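K.L.:
Structure provided below as structure tokens; questions to follow.
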Amino acid sequence: MSFLACIVKPLVYISLPVFLFRSIASTSPAGLYYWRIGIFLSSLAVVSTWGVVIAVGMTLIGRRHDVNYVVARTFYAVASRALDLKVELEGEEHLQTQPAVMVGNHQSMLDIICLARMFPKKASIMAKRELQWSPLGPWMYMSGAVFIDRGNSTKAQKSLEAAGEEMKREGISLMMYPEGTRHNDAVPMLLPFKKGAFHLAVQAGLPVTPVICENYWRIYHKGVFGTGTIRIRVLPPIQTTGLTATDVSNLAARTRDQMLATLCDISDGVATQEEERSADLSESTPEPTSAEVVLGASTIPEVPSIIPETTGEETPSEASEAARSVWSLRLDGSISENGMETDDEGMVHVRRPVD
């Protein structure tokens with residue numbers, strides 16, 4: 001009886017708060033959000049612990065660089081069922097080009113479940129140094145993850161150089177997030193890219209493989225953690241053969257453009273930045289009034305006389321000075337004095353006569 005009690009009592013103590021929390025989650029949106037966060041983090045902790053065992057075993061049999069693949073697929077199998085989340089992967093065949101520098105967009109902690117679905121064999125990740133002390137740290141370390149000290153550029157550069165040499169020697173790929181930090185917004189967008197990943201690719205002569213996860217704001221953001229399907233699209237690798245350090249900026253810009261276009265394409269039902277900006281402009285544009293002159297698509301207010309009227313009482317010099325006063329007419333309808341030059345902002349200028 002005492003043996004049975006040792007088993008039952010801990011289960012009762014654990015199940016009671018779980019039952020209460022689950023009851024709250026079923027009646028409160030905030031409760032549901034934190035309940036699902038708890039499931040996600042618990043799954044992550046359990047699989048990470050199991051990942052240490054996997055990492056030790058696979059390192060002993062010489063398959064250290066497949067640890068991430070096994071742990072990732074294990075986490076996806078657990079978390080996707082527990083949270084009723086599915087990830088659809090397009091272009092998986094492009095991940096077979098190895099070694100390569102894989103670059104992805106970074107939205108939130110939910111990227112982990114997306115990464116778990118797409119991560120290929122013989123691949124590792126680059127992560128900030130702080131993750132060494134997270135639940136993921138132990139197996140990340142044993143699986144060959146490259147930790148970067150973002151506060152020390154010299155150490156970061158040395159880490160990149162060492163990573164490039166190992167990638168070529170072992171034939172492994174590396175996953176990086178060039179935005180440098182997370183960004184979760186209702187509008188599909190990318191932060192400016194940092195160039196570390198592209199310097200690495202050019203120096204090592206490796207292709208860049210863009211991996212784009214759709215904007216999943218509808219599923220996850222602060223206060224909301226729902227269910228559904230998340231799409232990932234892998235683009236064909238961008239070759240870097242023959243490129244030099246002077247081409248890095250162009251390579252980063254070209255990659256970002258492709259990724260942003262794809263992000264907007266696969267993020268169904270979410271307005272893009274350009275669409276929202278156009279909507280805001282249309283809402284803020286006032287209706288034309290009877291005092292406005294309409295020219296094609298441009299609306300310009302009626303303009304007062306270019307040369308101010310005189311009263312006849314001015315001295316000749318005063319009248320001459322008044323006649324030389326200057327007005328500058330902008331296409332947005334505003335008028336300013338003393339405009340002397342044209343510019344690139346659509347300005348139409350009337351200059352004072354030259355003596």
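Starting from 1 in every chain, residues are counted up; chains themselves are A, B, ... following the order of the structure tokens, and ligands are numbered from 1 as listed.
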Excluding Ala100 (chain A) and residues on its chain fewer than 3 positions from it, collect all residues at most 6 Å away from it, counting only C-alpha atoms, and give them as a list in words.
P.N.:
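What passes the distance filter is Ser173, Leu206, Pro207 and Val208 of chain A.
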K.L.:
Mind checking which residues fall within 12 Å of Leu115 (chain A), counting only C-alpha atoms, ignoring those fewer than 2 positions away in the same chain, and posting them as a PyMOL selection string?
P.N.:
chain A and resi 68-69+71-76+87-89+102-113+117-120+123-125+175-177+211-213+230-234
K.L.:
Which is closer to Tyr33 (chain A) than all the others in A:Leu83, A:Ala201, A:Leu174, A:Ala77, using only C-alpha atoms?
P.N.:
A:Leu83
K.L.:
Excluding same-chain residues fewer than 4 positions from Gly51 (chain A), what lies within 7 Å of it counting only C-alpha atoms, as a PDB file with C-alpha atoms, in the first residue's frame?
P.N.:
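Saved to selection_6.pdb:
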```pdb
ATOM      1  CA  VAL A  47      12.541  17.027 -25.716  1.00  0.00           C
ATOM      2  CA  ALA A  55      23.445  13.892 -28.583  1.00  0.00           C
ATOM      3  CA  VAL A  71      15.813  16.209 -31.932  1.00  0.00           C
ATOM      4  CA  TRP A 139      22.164  19.467 -26.864  1.00  0.00           C
TER       5      TRP A 139
END
```
K.L.:
Based on the backbone DSSP call, show me all residues of region 98-188 of chain A assigned strand (DSSP E), as an NGL selection string.
P.N.:
:A and (101-104 or 123-128 or 146-148 or 173-176)
K.L.:
Would you output that residue set with all heavy atoms, as a compact mmCIF listing (two decimals), in the first residue's frame?
P.N.:
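As written to disk, again14.txt reads:
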```txt
# COMPACT_ATOMS: atom_id res chain seq x y z
N VAL A 101 24.61 27.95 -46.60
CA VAL A 101 24.20 28.84 -45.52
C VAL A 101 22.70 29.08 -45.68
O VAL A 101 22.27 29.72 -46.64
CB VAL A 101 24.95 30.18 -45.57
CG1 VAL A 101 24.45 31.12 -44.46
CG2 VAL A 101 26.45 29.96 -45.43
N MET A 102 21.91 28.52 -44.79
CA MET A 102 20.46 28.70 -44.83
C MET A 102 20.10 29.96 -44.04
O MET A 102 20.58 30.14 -42.92
CB MET A 102 19.75 27.49 -44.24
CG MET A 102 20.06 26.18 -44.94
SD MET A 102 19.23 24.74 -44.17
CE MET A 102 20.12 24.64 -42.61
N VAL A 103 19.28 30.82 -44.63
CA VAL A 103 18.88 32.05 -43.95
C VAL A 103 17.36 32.09 -43.86
O VAL A 103 16.66 31.79 -44.83
CB VAL A 103 19.41 33.31 -44.67
CG1 VAL A 103 20.92 33.39 -44.55
CG2 VAL A 103 19.00 33.34 -46.14
N GLY A 104 16.85 32.45 -42.68
CA GLY A 104 15.41 32.47 -42.48
C GLY A 104 14.94 33.75 -41.81
O GLY A 104 15.74 34.50 -41.25
N ALA A 123 23.24 19.28 -40.56
CA ALA A 123 23.08 20.73 -40.44
C ALA A 123 23.16 21.14 -38.98
O ALA A 123 22.86 20.36 -38.08
CB ALA A 123 21.75 21.17 -41.03
N SER A 124 23.57 22.37 -38.76
CA SER A 124 23.64 22.92 -37.43
C SER A 124 23.07 24.34 -37.46
O SER A 124 22.63 24.80 -38.51
CB SER A 124 25.08 22.91 -36.90
OG SER A 124 25.10 23.22 -35.52
N ILE A 125 23.11 25.01 -36.33
CA ILE A 125 22.53 26.34 -36.26
C ILE A 125 23.53 27.32 -35.65
O ILE A 125 24.45 26.92 -34.95
CB ILE A 125 21.23 26.36 -35.44
CG1 ILE A 125 21.50 25.91 -34.00
CG2 ILE A 125 20.16 25.51 -36.08
CD1 ILE A 125 20.29 26.01 -33.10
N MET A 126 23.30 28.58 -35.97
CA MET A 126 24.05 29.64 -35.32
C MET A 126 23.09 30.35 -34.37
O MET A 126 21.96 30.67 -34.74
CB MET A 126 24.62 30.62 -36.34
CG MET A 126 25.40 31.76 -35.70
SD MET A 126 26.36 32.68 -36.92
CE MET A 126 27.65 31.49 -37.29
N ALA A 127 23.53 30.58 -33.15
CA ALA A 127 22.64 31.16 -32.14
C ALA A 127 23.41 32.14 -31.27
O ALA A 127 24.64 32.07 -31.17
CB ALA A 127 22.04 30.05 -31.28
N LYS A 128 22.67 33.03 -30.63
CA LYS A 128 23.31 33.96 -29.71
C LYS A 128 23.80 33.21 -28.48
O LYS A 128 23.24 32.19 -28.07
CB LYS A 128 22.34 35.07 -29.31
CG LYS A 128 21.04 34.59 -28.66
CD LYS A 128 20.11 35.77 -28.43
CE LYS A 128 18.79 35.30 -27.80
NZ LYS A 128 17.86 36.42 -27.59
N VAL A 146 26.92 26.88 -33.40
CA VAL A 146 27.91 27.95 -33.35
C VAL A 146 27.30 29.10 -32.55
O VAL A 146 26.31 29.71 -32.97
CB VAL A 146 28.28 28.44 -34.76
CG1 VAL A 146 29.29 29.59 -34.69
CG2 VAL A 146 28.84 27.28 -35.59
N PHE A 147 27.86 29.39 -31.39
CA PHE A 147 27.34 30.46 -30.53
C PHE A 147 28.12 31.75 -30.80
O PHE A 147 29.34 31.76 -30.82
CB PHE A 147 27.46 30.08 -29.06
CG PHE A 147 26.59 28.92 -28.67
CD1 PHE A 147 27.13 27.64 -28.53
CD2 PHE A 147 25.24 29.09 -28.48
CE1 PHE A 147 26.32 26.57 -28.18
CE2 PHE A 147 24.42 28.02 -28.12
CZ PHE A 147 24.97 26.76 -27.97
N ILE A 148 27.38 32.82 -31.01
CA ILE A 148 27.96 34.11 -31.36
C ILE A 148 27.77 35.11 -30.22
O ILE A 148 26.66 35.27 -29.70
CB ILE A 148 27.31 34.67 -32.64
CG1 ILE A 148 27.66 33.78 -33.83
CG2 ILE A 148 27.77 36.09 -32.90
CD1 ILE A 148 29.11 33.79 -34.21
N SER A 173 25.53 22.13 -43.40
CA SER A 173 24.90 23.43 -43.61
C SER A 173 24.70 24.12 -42.27
O SER A 173 24.69 23.47 -41.21
CB SER A 173 23.55 23.26 -44.31
OG SER A 173 23.73 22.73 -45.62
N LEU A 174 24.49 25.43 -42.34
CA LEU A 174 24.32 26.22 -41.12
C LEU A 174 23.09 27.10 -41.27
O LEU A 174 22.92 27.77 -42.28
CB LEU A 174 25.56 27.08 -40.86
CG LEU A 174 25.65 27.77 -39.50
CD1 LEU A 174 25.82 26.74 -38.40
CD2 LEU A 174 26.82 28.75 -39.48
N MET A 175 22.22 27.10 -40.26
CA MET A 175 21.01 27.91 -40.26
C MET A 175 21.27 29.22 -39.53
O MET A 175 21.75 29.22 -38.39
CB MET A 175 19.86 27.16 -39.59
CG MET A 175 18.53 27.91 -39.62
SD MET A 175 17.86 27.97 -41.29
CE MET A 175 16.50 29.15 -41.09
N MET A 176 20.94 30.35 -40.18
CA MET A 176 21.16 31.66 -39.57
C MET A 176 19.94 32.55 -39.79
O MET A 176 19.15 32.34 -40.73
CB MET A 176 22.41 32.33 -40.18
CG MET A 176 23.68 31.53 -40.00
SD MET A 176 25.15 32.33 -40.73
CE MET A 176 25.33 33.75 -39.64
```
K.L.:
Would you return as a ChimeraX atom specification the members of region 20-195 of chain A that DSSP assigns to alpha helix (DSSP H) on this structure's backbone?
P.N.:
/A:20-25,29-60,67-83,111-118,137-142,153-170
K.L.:
When you draw a straight line from CA of Tyr216 (chain A) to CA of Cys114 (chain A), how long is it in Å?
P.N.:
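Result for CA of Tyr216 (chain A) versus CA of Cys114 (chain A): 10.7 Å, one decimal.
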K.L.:
Out of A:Trp133, A:Tyr34, A:Tyr141, A:Phe40, which residue has the shortest atom-to-atom distance to Val67 (chain A) when counting only C-alpha atoms?
P.N.:
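Of A:Trp133, A:Tyr34, A:Tyr141, A:Phe40, the one nearest Val67 (chain A) is A:Tyr141, counting only C-alpha atoms.
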K.L.:
Go through A:Glu170, A:Ile37, A:Gly137, A:Ala116 one by one, measure the shortest atom-to-atom distance of each to Lys86 (chain A) using only C-alpha atoms, and give the residue with the smallest value.
P.N.:
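Between A:Glu170, A:Ile37, A:Gly137, A:Ala116, the residue approaching Lys86 (chain A) most closely is A:Ala116.
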K.L.:
From the options A:Gly144, A:Gly91, A:Pro210, A:Pro236, which residue's atoms come nearest to Leu263 (chain A), counting only C-alpha atoms?
P.N.:
A:Pro210
K.L.:
So the first atom is CA of Ser134 (chain A) and the second is CA of Leu60 (chain A); what is the distance between them in Å, to one decimal place?
P.N.:
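For CA of Ser134 (chain A) relative to CA of Leu60 (chain A), the distance reads 23.9 Å.
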K.L.:
Measure the distance from CA of Gly38 (chain A) to CA of Ala79 (chain A) in Å and round it to one decimal.
P.N.:
11.3 Å
